[in-house]
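Novice: Just so it is clear, I am handing over query_5.cif, which has mmCIF, C-alpha atoms and all ligand atoms.
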```cif
data_run
#
loop_
_atom_site.group_PDB
_atom_site.id
_atom_site.type_symbol
_atom_site.label_atom_id
_atom_site.label_comp_id
_atom_site.auth_asym_id
_atom_site.auth_seq_id
_atom_site.Cartn_x
_atom_site.Cartn_y
_atom_site.Cartn_z
ATOM 1 C CA TRP A 1 -12.880 95.257 -34.989
ATOM 2 C CA ALA A 2 -12.246 92.005 -33.143
ATOM 3 C CA LYS A 3 -14.065 93.456 -30.176
ATOM 4 C CA ALA A 4 -17.051 94.461 -32.262
ATOM 5 C CA GLU A 5 -17.193 91.082 -33.834
ATOM 6 C CA GLY A 6 -16.949 89.424 -30.444
ATOM 7 C CA ARG A 7 -19.837 91.447 -29.139
ATOM 8 C CA ASN A 8 -22.001 90.697 -32.145
ATOM 9 C CA THR A 9 -21.220 87.041 -31.898
ATOM 10 C CA PHE A 10 -22.123 87.084 -28.234
ATOM 11 C CA GLN A 11 -25.395 88.893 -28.816
ATOM 12 C CA PHE A 12 -26.291 86.526 -31.574
ATOM 13 C CA TYR A 13 -25.399 83.584 -29.405
ATOM 14 C CA THR A 14 -27.456 84.643 -26.396
ATOM 15 C CA ARG A 15 -30.461 85.557 -28.473
ATOM 16 C CA GLU A 16 -30.244 82.251 -30.234
ATOM 17 C CA LEU A 17 -29.808 80.378 -26.973
ATOM 18 C CA THR A 18 -32.717 82.041 -25.219
ATOM 19 C CA SER A 19 -35.150 81.491 -28.019
ATOM 20 C CA ARG A 20 -33.965 77.933 -28.493
ATOM 21 C CA ALA A 21 -34.162 77.040 -24.824
ATOM 22 C CA LEU A 22 -37.577 78.613 -24.641
ATOM 23 C CA GLN A 23 -38.775 76.951 -27.794
ATOM 24 C CA ASN A 24 -37.463 73.619 -26.670
ATOM 25 C CA VAL A 25 -39.435 73.695 -23.471
ATOM 26 C CA LEU A 26 -42.592 75.034 -25.065
ATOM 27 C CA VAL A 27 -42.554 73.018 -28.208
ATOM 28 C CA LYS A 28 -41.383 69.658 -26.949
ATOM 29 C CA GLY A 29 -44.109 69.174 -24.385
ATOM 30 C CA ASP A 30 -46.830 70.694 -26.522
ATOM 31 C CA LEU A 31 -45.876 68.769 -29.631
ATOM 32 C CA ARG A 32 -46.068 65.447 -27.848
ATOM 33 C CA ARG A 33 -49.531 66.375 -26.666
ATOM 34 C CA ALA A 34 -50.486 67.601 -30.130
ATOM 35 C CA MET A 35 -49.705 64.240 -31.655
ATOM 36 C CA GLN A 36 -51.858 62.534 -29.048
ATOM 37 C CA GLN A 37 -54.743 64.993 -29.233
ATOM 38 C CA GLU A 38 -54.868 65.187 -33.003
ATOM 39 C CA ASP A 39 -53.994 68.877 -33.184
ATOM 40 C CA LEU A 40 -51.763 68.158 -36.165
ATOM 41 C CA LEU A 41 -53.101 68.257 -39.680
ATOM 42 C CA LEU A 42 -51.905 68.435 -43.236
ATOM 43 C CA HIS A 43 -52.645 71.134 -45.734
ATOM 44 C CA TYR A 44 -52.254 70.413 -49.430
ATOM 45 C CA GLN A 45 -50.944 72.673 -52.189
ATOM 46 C CA ASN A 46 -51.348 72.042 -55.909
ATOM 47 C CA GLN A 47 -48.399 71.548 -58.205
ATOM 48 C CA VAL A 48 -49.375 72.359 -61.782
ATOM 49 C CA ASP A 49 -48.204 71.995 -65.340
ATOM 50 C CA LEU A 50 -46.903 75.503 -66.104
ATOM 51 C CA ARG A 51 -48.383 75.620 -69.572
ATOM 52 C CA THR A 52 -51.816 74.118 -69.043
ATOM 53 C CA GLY A 53 -52.347 74.743 -65.328
ATOM 54 C CA ALA A 54 -53.416 71.106 -64.910
ATOM 55 C CA VAL A 55 -52.760 69.625 -61.472
ATOM 56 C CA VAL A 56 -49.808 67.227 -61.632
ATOM 57 C CA GLY A 57 -49.165 66.855 -57.940
ATOM 58 C CA VAL A 58 -49.961 68.040 -54.469
ATOM 59 C CA GLU A 59 -47.564 68.811 -51.621
ATOM 60 C CA ALA A 60 -48.504 67.878 -48.074
ATOM 61 C CA LEU A 61 -47.563 70.659 -45.631
ATOM 62 C CA LEU A 62 -47.678 70.085 -41.912
ATOM 63 C CA ARG A 63 -49.790 72.347 -39.697
ATOM 64 C CA TRP A 64 -50.134 72.492 -35.950
ATOM 65 C CA ASN A 65 -53.427 73.822 -34.723
ATOM 66 C CA HIS A 66 -52.340 74.884 -31.252
ATOM 67 C CA PRO A 67 -55.261 75.137 -28.781
ATOM 68 C CA GLU A 68 -54.017 78.492 -27.403
ATOM 69 C CA THR A 69 -52.026 80.207 -30.129
ATOM 70 C CA GLY A 70 -53.793 78.914 -33.207
ATOM 71 C CA MET A 71 -52.071 77.707 -36.344
ATOM 72 C CA VAL A 72 -48.297 77.350 -35.837
ATOM 73 C CA PRO A 73 -46.201 77.378 -39.040
ATOM 74 C CA PRO A 74 -43.858 74.413 -39.533
ATOM 75 C CA ASN A 75 -40.712 76.547 -39.501
ATOM 76 C CA ASP A 76 -41.551 77.434 -35.875
ATOM 77 C CA PHE A 77 -41.609 73.881 -34.568
ATOM 78 C CA LEU A 78 -39.862 71.594 -37.060
ATOM 79 C CA PRO A 79 -36.348 72.748 -36.073
ATOM 80 C CA VAL A 80 -37.063 71.770 -32.465
ATOM 81 C CA ALA A 81 -38.534 68.463 -33.569
ATOM 82 C CA GLU A 82 -35.419 67.841 -35.651
ATOM 83 C CA GLU A 83 -33.130 68.483 -32.703
ATOM 84 C CA THR A 84 -34.969 65.865 -30.703
ATOM 85 C CA GLU A 85 -36.189 62.407 -31.556
ATOM 86 C CA LEU A 86 -39.665 63.861 -32.083
ATOM 87 C CA ILE A 87 -39.082 64.275 -35.788
ATOM 88 C CA HIS A 88 -39.347 60.515 -36.230
ATOM 89 C CA PRO A 89 -42.888 59.912 -34.925
ATOM 90 C CA LEU A 90 -43.903 63.234 -36.477
ATOM 91 C CA GLY A 91 -42.452 62.300 -39.868
ATOM 92 C CA GLU A 92 -44.130 58.919 -39.744
ATOM 93 C CA TRP A 93 -47.458 60.527 -38.933
ATOM 94 C CA VAL A 94 -47.082 62.795 -41.979
ATOM 95 C CA LEU A 95 -46.153 59.909 -44.272
ATOM 96 C CA SER A 96 -48.950 57.711 -43.076
ATOM 97 C CA THR A 97 -51.576 60.472 -43.230
ATOM 98 C CA ALA A 98 -50.505 61.662 -46.683
ATOM 99 C CA CYS A 99 -50.548 58.116 -48.091
ATOM 100 C CA GLN A 100 -54.017 57.472 -46.677
ATOM 101 C CA GLN A 101 -55.334 60.777 -48.044
ATOM 102 C CA ALA A 102 -53.906 60.050 -51.475
ATOM 103 C CA ARG A 103 -55.455 56.606 -51.462
ATOM 104 C CA GLN A 104 -58.837 58.124 -50.564
ATOM 105 C CA TRP A 105 -58.631 60.554 -53.477
ATOM 106 C CA LEU A 106 -57.715 57.704 -55.809
ATOM 107 C CA ASP A 107 -60.693 55.695 -54.589
ATOM 108 C CA ALA A 108 -62.963 58.712 -55.094
ATOM 109 C CA GLY A 109 -61.677 59.125 -58.656
ATOM 110 C CA ILE A 110 -60.041 62.466 -57.842
ATOM 111 C CA GLU A 111 -56.953 62.979 -60.014
ATOM 112 C CA PHE A 112 -54.139 64.613 -58.074
ATOM 113 C CA GLY A 113 -51.071 63.219 -59.832
ATOM 114 C CA ARG A 114 -48.461 62.619 -57.165
ATOM 115 C CA MET A 115 -48.519 63.189 -53.425
ATOM 116 C CA ALA A 116 -45.335 64.990 -52.379
ATOM 117 C CA VAL A 117 -44.164 64.577 -48.779
ATOM 118 C CA ASN A 118 -41.348 66.558 -47.138
ATOM 119 C CA ILE A 119 -38.683 64.489 -45.441
ATOM 120 C CA ALA A 120 -36.359 65.935 -42.795
ATOM 121 C CA VAL A 121 -32.635 65.180 -42.875
ATOM 122 C CA PRO A 122 -32.616 63.045 -39.673
ATOM 123 C CA GLN A 123 -35.279 60.800 -41.195
ATOM 124 C CA ILE A 124 -32.889 59.912 -44.007
ATOM 125 C CA GLN A 125 -29.858 59.630 -41.791
ATOM 126 C CA ARG A 126 -31.435 57.165 -39.376
ATOM 127 C CA GLY A 127 -31.396 54.612 -42.173
ATOM 128 C CA ASP A 128 -34.831 52.986 -41.895
ATOM 129 C CA LEU A 129 -36.802 55.373 -44.119
ATOM 130 C CA ALA A 130 -37.206 53.011 -47.074
ATOM 131 C CA GLY A 131 -38.667 50.331 -44.813
ATOM 132 C CA LEU A 132 -41.084 52.815 -43.275
ATOM 133 C CA VAL A 133 -42.167 54.125 -46.664
ATOM 134 C CA ALA A 134 -42.735 50.572 -47.915
ATOM 135 C CA ARG A 135 -44.872 49.924 -44.855
ATOM 136 C CA TYR A 136 -47.045 53.025 -45.261
ATOM 137 C CA LEU A 137 -47.490 52.349 -48.965
ATOM 138 C CA HIS A 138 -48.549 48.823 -48.159
ATOM 139 C CA GLU A 139 -50.895 49.840 -45.355
ATOM 140 C CA SER A 140 -52.616 52.486 -47.447
ATOM 141 C CA GLY A 141 -52.552 50.585 -50.728
ATOM 142 C CA LEU A 142 -51.089 53.633 -52.490
ATOM 143 C CA PRO A 143 -49.068 52.709 -55.612
ATOM 144 C CA PRO A 144 -45.407 53.764 -55.095
ATOM 145 C CA GLU A 145 -45.331 55.899 -58.249
ATOM 146 C CA ARG A 146 -48.030 58.076 -56.668
ATOM 147 C CA LEU A 147 -45.652 59.118 -53.882
ATOM 148 C CA GLU A 148 -42.836 61.635 -54.175
ATOM 149 C CA LEU A 149 -40.461 62.489 -51.342
ATOM 150 C CA GLU A 150 -38.998 65.988 -51.104
ATOM 151 C CA ILE A 151 -35.527 66.015 -49.619
ATOM 152 C CA THR A 152 -33.123 68.892 -49.127
ATOM 153 C CA GLU A 153 -29.538 68.897 -50.294
ATOM 154 C CA ASP A 154 -28.247 68.847 -46.720
ATOM 155 C CA PHE A 155 -29.044 65.168 -46.208
ATOM 156 C CA ILE A 156 -25.595 64.545 -47.618
ATOM 157 C CA ILE A 157 -23.850 66.107 -44.632
ATOM 158 C CA GLY A 158 -22.880 63.306 -42.311
ATOM 159 C CA GLU A 159 -23.324 59.675 -43.213
ATOM 160 C CA GLU A 160 -23.128 60.058 -46.940
ATOM 161 C CA ASP A 161 -23.070 56.400 -47.954
ATOM 162 C CA ARG A 162 -25.953 55.480 -45.725
ATOM 163 C CA ALA A 163 -28.033 58.362 -47.070
ATOM 164 C CA LEU A 164 -27.285 57.425 -50.674
ATOM 165 C CA GLY A 165 -28.201 53.823 -49.892
ATOM 166 C CA VAL A 166 -31.556 54.897 -48.450
ATOM 167 C CA LEU A 167 -32.369 56.993 -51.500
ATOM 168 C CA GLY A 168 -31.358 54.187 -53.864
ATOM 169 C CA THR A 169 -33.687 51.770 -52.082
ATOM 170 C CA LEU A 170 -36.526 54.302 -52.247
ATOM 171 C CA ARG A 171 -36.089 54.632 -55.999
ATOM 172 C CA GLU A 172 -36.100 50.842 -56.338
ATOM 173 C CA LEU A 173 -39.455 50.885 -54.558
ATOM 174 C CA GLY A 174 -40.691 53.144 -57.357
ATOM 175 C CA VAL A 175 -41.118 56.269 -55.241
ATOM 176 C CA GLY A 176 -40.266 59.663 -56.798
ATOM 177 C CA LEU A 177 -37.525 61.824 -55.297
ATOM 178 C CA ALA A 178 -37.326 65.602 -55.573
ATOM 179 C CA ILE A 179 -34.632 67.942 -54.306
ATOM 180 C CA ASP A 180 -36.440 70.683 -52.412
ATOM 181 C CA ASP A 181 -35.222 74.298 -52.173
ATOM 182 C CA PHE A 182 -32.650 73.500 -54.836
ATOM 183 C CA GLY A 183 -29.696 75.849 -54.804
ATOM 184 C CA THR A 184 -29.946 76.923 -51.164
ATOM 185 C CA GLY A 185 -28.282 74.019 -49.392
ATOM 186 C CA TYR A 186 -25.116 72.048 -49.568
ATOM 187 C CA SER A 187 -25.364 71.659 -53.316
ATOM 188 C CA SER A 188 -22.870 69.632 -55.176
ATOM 189 C CA LEU A 189 -23.133 68.756 -58.830
ATOM 190 C CA ARG A 190 -21.297 65.549 -58.038
ATOM 191 C CA TYR A 191 -24.272 64.348 -55.996
ATOM 192 C CA LEU A 192 -26.705 65.456 -58.623
ATOM 193 C CA LYS A 193 -24.895 63.174 -61.033
ATOM 194 C CA GLN A 194 -25.015 60.117 -58.822
ATOM 195 C CA LEU A 195 -28.272 60.712 -56.969
ATOM 196 C CA PRO A 196 -31.323 58.750 -58.034
ATOM 197 C CA VAL A 197 -33.560 61.848 -58.043
ATOM 198 C CA ASN A 198 -36.053 62.708 -60.775
ATOM 199 C CA LYS A 199 -37.060 66.274 -59.925
ATOM 200 C CA LEU A 200 -35.574 69.611 -58.853
ATOM 201 C CA LYS A 201 -37.538 72.285 -57.042
ATOM 202 C CA LEU A 202 -36.173 75.721 -57.873
ATOM 203 C CA ASP A 203 -36.204 77.565 -54.555
ATOM 204 C CA LYS A 204 -38.680 80.362 -54.004
ATOM 205 C CA SER A 205 -35.849 82.809 -53.222
ATOM 206 C CA PHE A 206 -34.787 82.623 -56.890
ATOM 207 C CA VAL A 207 -38.372 83.000 -58.092
ATOM 208 C CA ASP A 208 -39.453 85.986 -55.980
ATOM 209 C CA GLU A 209 -37.796 88.687 -58.095
ATOM 210 C CA LEU A 210 -38.278 87.135 -61.510
ATOM 211 C CA PRO A 211 -38.022 88.521 -64.122
ATOM 212 C CA ASP A 212 -36.602 91.852 -62.873
ATOM 213 C CA ASN A 213 -33.543 90.743 -60.935
ATOM 214 C CA SER A 214 -30.793 89.806 -63.385
ATOM 215 C CA ASN A 215 -29.017 87.498 -60.938
ATOM 216 C CA ASP A 216 -32.203 85.565 -60.336
ATOM 217 C CA THR A 217 -33.023 85.290 -64.024
ATOM 218 C CA ALA A 218 -29.507 83.915 -64.611
ATOM 219 C CA ILE A 219 -29.813 81.397 -61.764
ATOM 220 C CA ALA A 220 -33.316 80.310 -62.753
ATOM 221 C CA ARG A 221 -32.209 79.844 -66.368
ATOM 222 C CA ALA A 222 -29.171 77.820 -65.321
ATOM 223 C CA VAL A 223 -31.122 75.539 -62.979
ATOM 224 C CA ILE A 224 -33.805 74.904 -65.607
ATOM 225 C CA ALA A 225 -31.145 74.152 -68.236
ATOM 226 C CA LEU A 226 -29.308 71.853 -65.827
ATOM 227 C CA ALA A 227 -32.480 69.953 -65.002
ATOM 228 C CA ARG A 228 -33.357 69.533 -68.664
ATOM 229 C CA ALA A 229 -29.862 68.377 -69.549
ATOM 230 C CA LEU A 230 -29.989 65.779 -66.773
ATOM 231 C CA ASP A 231 -33.496 64.724 -67.793
ATOM 232 C CA LEU A 232 -35.021 65.848 -64.499
ATOM 233 C CA THR A 233 -38.393 67.487 -64.072
ATOM 234 C CA VAL A 234 -38.067 71.046 -62.774
ATOM 235 C CA ILE A 235 -40.701 72.849 -60.717
ATOM 236 C CA ALA A 236 -40.597 76.466 -59.552
ATOM 237 C CA GLU A 237 -41.758 77.136 -55.978
ATOM 238 C CA GLY A 238 -43.517 80.212 -54.686
ATOM 239 C CA VAL A 239 -44.868 81.464 -58.012
ATOM 240 C CA GLU A 240 -47.182 84.370 -57.255
ATOM 241 C CA THR A 241 -47.430 86.453 -60.417
ATOM 242 C CA ARG A 242 -48.242 85.986 -64.074
ATOM 243 C CA ARG A 243 -44.961 87.637 -65.036
ATOM 244 C CA GLN A 244 -43.035 85.027 -63.093
ATOM 245 C CA ARG A 245 -45.020 82.296 -64.773
ATOM 246 C CA GLU A 246 -44.434 83.731 -68.238
ATOM 247 C CA PHE A 247 -40.700 83.938 -67.681
ATOM 248 C CA LEU A 248 -40.591 80.358 -66.409
ATOM 249 C CA VAL A 249 -42.654 79.026 -69.309
ATOM 250 C CA ALA A 250 -40.401 80.801 -71.800
ATOM 251 C CA GLU A 251 -37.338 79.243 -70.172
ATOM 252 C CA GLY A 252 -38.795 75.760 -70.409
ATOM 253 C CA CYS A 253 -39.631 75.125 -66.768
ATOM 254 C CA ASP A 254 -42.059 72.185 -66.506
ATOM 255 C CA GLN A 255 -44.137 72.844 -63.425
ATOM 256 C CA GLY A 256 -45.065 75.488 -60.895
ATOM 257 C CA GLN A 257 -46.364 75.719 -57.361
ATOM 258 C CA GLY A 258 -47.506 78.886 -55.658
ATOM 259 C CA PHE A 259 -50.245 81.263 -54.629
ATOM 260 C CA LEU A 260 -50.835 82.108 -58.309
ATOM 261 C CA TRP A 261 -52.712 78.818 -58.551
ATOM 262 C CA ALA A 262 -53.502 77.773 -55.013
ATOM 263 C CA ARG A 263 -52.603 78.270 -51.382
ATOM 264 C CA PRO A 264 -52.116 75.260 -49.143
ATOM 265 C CA ARG A 265 -55.540 74.183 -47.894
ATOM 266 C CA ALA A 266 -56.998 71.401 -45.786
ATOM 267 C CA VAL A 267 -59.213 70.545 -48.760
ATOM 268 C CA PRO A 268 -57.492 71.502 -52.029
ATOM 269 C CA ASN A 269 -59.557 73.089 -54.778
ATOM 270 C CA PHE A 270 -59.331 70.079 -57.100
ATOM 271 C CA VAL A 271 -61.314 68.129 -54.526
ATOM 272 C CA ALA A 272 -64.134 70.557 -53.805
HETATM 273 P P1 LIG B 301 -41.159 73.801 -48.580
HETATM 274 O O1 LIG B 301 -41.170 72.323 -48.615
HETATM 275 O O2 LIG B 301 -40.221 74.497 -49.477
HETATM 276 O O3 LIG B 301 -42.673 74.214 -48.838
HETATM 277 C C1 LIG B 301 -43.063 75.346 -49.534
HETATM 278 C C2 LIG B 301 -43.425 76.469 -48.590
HETATM 279 O O4 LIG B 301 -43.696 77.648 -49.352
HETATM 280 C C3 LIG B 301 -44.692 76.221 -47.781
HETATM 281 O O5 LIG B 301 -44.538 76.901 -46.544
HETATM 282 C C4 LIG B 301 -45.762 76.901 -48.621
HETATM 283 O O6 LIG B 301 -46.890 77.270 -47.887
HETATM 284 C C5 LIG B 301 -45.004 78.115 -49.099
HETATM 285 N N1 LIG B 301 -45.505 78.635 -50.352
HETATM 286 C C6 LIG B 301 -45.950 77.961 -51.433
HETATM 287 N N2 LIG B 301 -46.284 78.789 -52.425
HETATM 288 C C7 LIG B 301 -46.041 80.037 -51.982
HETATM 289 C C8 LIG B 301 -46.189 81.349 -52.570
HETATM 290 O O7 LIG B 301 -46.601 81.522 -53.715
HETATM 291 N N3 LIG B 301 -45.831 82.416 -51.792
HETATM 292 C C9 LIG B 301 -45.372 82.264 -50.521
HETATM 293 N N4 LIG B 301 -45.053 83.349 -49.830
HETATM 294 N N5 LIG B 301 -45.213 81.037 -49.946
HETATM 295 C C10 LIG B 301 -45.547 79.948 -50.666
HETATM 296 P P2 LIG B 301 -44.907 76.201 -45.170
HETATM 297 O O8 LIG B 301 -46.149 75.383 -45.337
HETATM 298 O O9 LIG B 301 -44.886 77.235 -44.104
HETATM 299 O O10 LIG B 301 -43.711 75.197 -44.951
HETATM 300 C C11 LIG B 301 -42.410 75.660 -44.728
HETATM 301 C C12 LIG B 301 -41.416 74.536 -44.753
HETATM 302 O O11 LIG B 301 -41.624 73.633 -43.672
HETATM 303 C C13 LIG B 301 -41.504 73.675 -45.999
HETATM 304 O O12 LIG B 301 -40.858 74.313 -47.082
HETATM 305 C C14 LIG B 301 -40.783 72.430 -45.536
HETATM 306 O O13 LIG B 301 -39.387 72.590 -45.601
HETATM 307 C C15 LIG B 301 -41.185 72.362 -44.085
HETATM 308 N N6 LIG B 301 -42.284 71.391 -43.931
HETATM 309 C C16 LIG B 301 -43.608 71.558 -44.089
HETATM 310 N N7 LIG B 301 -44.279 70.420 -43.843
HETATM 311 C C17 LIG B 301 -43.339 69.502 -43.534
HETATM 312 C C18 LIG B 301 -43.386 68.102 -43.177
HETATM 313 O O14 LIG B 301 -44.442 67.449 -43.130
HETATM 314 N N8 LIG B 301 -42.193 67.498 -42.912
HETATM 315 C C19 LIG B 301 -41.012 68.166 -42.975
HETATM 316 N N9 LIG B 301 -39.887 67.487 -42.690
HETATM 317 N N10 LIG B 301 -40.926 69.445 -43.331
HETATM 318 C C20 LIG B 301 -42.083 70.115 -43.601
HETATM 319 MG MG MG B 302 -41.296 70.882 -49.935
HETATM 320 MG MG MG B 303 -39.407 73.916 -51.096
HETATM 321 MG MG MG B 304 -38.837 76.347 -49.620
#
```
For the file at hand, write its structure as structure tokens.

Specialist:
Amino acid sequence: WAKAEGRNTFQFYTRELTSRALQNVLVKGDLRRAMQQEDLLLHYQNQVDLRTGAVVGVEALLRWNHPETGMVPPNDFLPVAEETELIHPLGEWVLSTACQQARQWLDAGIEFGRMAVNIAVPQIQRGDLAGLVARYLHESGLPPERLELEITEDFIIGEEDRALGVLGTLRELGVGLAIDDFGTGYSSLRYLKQLPVNKLKLDKSFVDELPDNSNDTAIARAVIALARALDLTVIAEGVETRRQREFLVAEGCDQGQGFLWARPRAVPNFVA
């Protein structure tokens, strides 16, 4: 079986390598241009109170409107950006744009709750994120409590102390912190105990088969109970059906996000 394994590994490796090499060439050059030519934009998706349906937040999701291929989903270009230094200017563009948009809604009297912005692991690990966030808050005039950063559990791999320091400083600024895709990454309850986060996002993969899959119901229940016990807000991602919503409400989940309420849009429905 060693031979079979070797062959599979090899096939996997070459496929991976080809697509990566290809992607790197295509994406790197194009992405630089995209940032200059304003082909990047943000879409916004509502986060709602599960019981009332009221909007409590909005997540900014990056889109690339490629001149030839059309809209490119973030999972197709973010990994390449993360492997290069491109993630830094890209991440700053997202932060700055989201803060300005939120400030505009505030000025227009449009209630959106909090603006949630996704942060990639290298942005935390570089160490200057808190300073950048402070700058974009200042430049836009957005109050810190209106901003929430979504981080994944994997930020902890690598320079742990530096990452924890960055997150601590962000909390001191008054910015909210949510753990995105909770349960799919390098989770450790030890970090949950010492991390200055205030929200958990139950990953969509645990929501998809609710309430029929008994493993998923058990995991969803446990995560909701954990969040409540630690006094964290818990939001379910990728909620598409009323049955999912009913299960989550019954289990005491606070918030939801998903196509059941709204898809990500350039102009969210609470604006228009
Ligand atoms: P995420 O942060 O977990 O975002 C949620 C993803 O689930 C989004 O995909 C959203 O469109 C999708 N989604 C929400 N509700 C539903 C639903 O009911 N059904 C289904 N099928 N999908 C739903 P999207 O926009 O393609 O983004 C994918 C990932 O890319 C995000 O996952 C996030 O990790 C990353 N990402 C997006 N924008 C940014 C960004 O500005 N910076 C960074 N670092 N990452 C970003
Ligand atoms: Mg997110
Ligand atoms: Mg997520
Ligand atoms: Mg996700």

Novice: Hey, which residues sit close to ligand MG 304 (chain B)? Say within 12 Å, counting all atoms listed in the file, and write them as a PyMOL selection string.

Specialist: chain A and resi 59+61+74-75+118+150-153+179-185+200-208+235-239+257-258

Novice: Using only C-alpha atoms and all ligand atoms, which of the listed residues (A:Arg63, A:Lys199, A:Arg103, A:Lys193) sits closest to ligand MG 303 (chain B)?

Specialist: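 The closest residue to ligand MG 303 (chain B) is A:Lys199.
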
Novice: Using only C-alpha atoms for the distances, tell me which of A:Phe247, A:Pro89, A:Arg228, A:Pro79 is nearest to A:Asn213.

Specialist: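 Of the candidates, the smallest distance to A:Asn213 is held by A:Phe247.
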
Novice: When you count all atoms listed in the file, which of these residues is closest to ligand MG 303 (chain B): A:Ile157, A:Ala262, A:Leu167, A:Ala60?

Specialist: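 Of all the options, A:Ala60 lies closest to ligand MG 303 (chain B).
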
Novice: Just say which residues the PyMOL selection byres (((chain A and resi 220) around 10) and not hetatm) picks in this file, as a CSV table (one decimal) with C-alpha atoms, keeping the file's coordinate frame.

Specialist:
```csv
chain,number,residue,atom,x,y,z
A,183,GLY,CA,-29.7,75.8,-54.8
A,202,LEU,CA,-36.2,75.7,-57.9
A,203,ASP,CA,-36.2,77.6,-54.6
A,206,PHE,CA,-34.8,82.6,-56.9
A,207,VAL,CA,-38.4,83.0,-58.1
A,210,LEU,CA,-38.3,87.1,-61.5
A,211,PRO,CA,-38.0,88.5,-64.1
A,214,SER,CA,-30.8,89.8,-63.4
A,215,ASN,CA,-29.0,87.5,-60.9
A,216,ASP,CA,-32.2,85.6,-60.3
A,217,THR,CA,-33.0,85.3,-64.0
A,218,ALA,CA,-29.5,83.9,-64.6
A,219,ILE,CA,-29.8,81.4,-61.8
A,221,ARG,CA,-32.2,79.8,-66.4
A,222,ALA,CA,-29.2,77.8,-65.3
A,223,VAL,CA,-31.1,75.5,-63.0
A,224,ILE,CA,-33.8,74.9,-65.6
A,225,ALA,CA,-31.1,74.2,-68.2
A,226,LEU,CA,-29.3,71.9,-65.8
A,236,ALA,CA,-40.6,76.5,-59.6
A,247,PHE,CA,-40.7,83.9,-67.7
A,248,LEU,CA,-40.6,80.4,-66.4
A,251,GLU,CA,-37.3,79.2,-70.2
A,253,CYS,CA,-39.6,75.1,-66.8
```

Novice: Within 7 Å of A:Val58, counting all atoms listed in the file, which residues qualify if same-chain residues fewer than 5 places away don't, as a PyMOL selection string?

Specialist: chain A and resi 44-47+112+114-116

Novice: Reconstruct stretch 192-202 of chain A at the level of N, CA, C and O atoms, and format the result as a short mmCIF file (atom, residue, chain, number, x, y, z; two decimals), in the coordinates of the input.

Specialist:
```cif
data_model
loop_
_atom_site.label_atom_id
_atom_site.label_comp_id
_atom_site.auth_asym_id
_atom_site.auth_seq_id
_atom_site.Cartn_x
_atom_site.Cartn_y
_atom_site.Cartn_z
N LEU A 192 -25.62 65.42 -57.65
CA LEU A 192 -26.70 65.46 -58.62
C LEU A 192 -26.48 64.38 -59.69
O LEU A 192 -27.42 63.76 -60.17
N LYS A 193 -25.24 64.16 -60.02
CA LYS A 193 -24.90 63.17 -61.03
C LYS A 193 -25.19 61.76 -60.55
O LYS A 193 -25.67 60.94 -61.31
N GLN A 194 -24.88 61.50 -59.28
CA GLN A 194 -25.02 60.12 -58.82
C GLN A 194 -26.30 59.84 -58.04
O GLN A 194 -26.62 58.70 -57.75
N LEU A 195 -27.05 60.90 -57.75
CA LEU A 195 -28.27 60.71 -56.97
C LEU A 195 -29.40 60.18 -57.83
O LEU A 195 -29.57 60.61 -58.97
N PRO A 196 -30.21 59.30 -57.26
CA PRO A 196 -31.32 58.75 -58.03
C PRO A 196 -32.56 59.65 -57.99
O PRO A 196 -33.66 59.17 -57.83
N VAL A 197 -32.40 60.97 -58.12
CA VAL A 197 -33.56 61.85 -58.04
C VAL A 197 -34.16 62.06 -59.44
O VAL A 197 -33.50 61.86 -60.44
N ASN A 198 -35.42 62.47 -59.48
CA ASN A 198 -36.05 62.71 -60.78
C ASN A 198 -36.63 64.12 -60.90
O ASN A 198 -37.22 64.45 -61.90
N LYS A 199 -36.44 64.95 -59.87
CA LYS A 199 -37.06 66.27 -59.92
C LYS A 199 -36.25 67.28 -59.12
O LYS A 199 -35.71 66.94 -58.07
N LEU A 200 -36.18 68.52 -59.61
CA LEU A 200 -35.57 69.61 -58.85
C LEU A 200 -36.64 70.65 -58.59
O LEU A 200 -37.43 70.99 -59.46
N LYS A 201 -36.64 71.18 -57.37
CA LYS A 201 -37.54 72.28 -57.04
C LYS A 201 -36.71 73.56 -56.93
O LYS A 201 -35.92 73.70 -55.98
N LEU A 202 -36.88 74.44 -57.88
CA LEU A 202 -36.17 75.72 -57.87
C LEU A 202 -36.68 76.53 -56.69
O LEU A 202 -37.88 76.80 -56.57
#
```
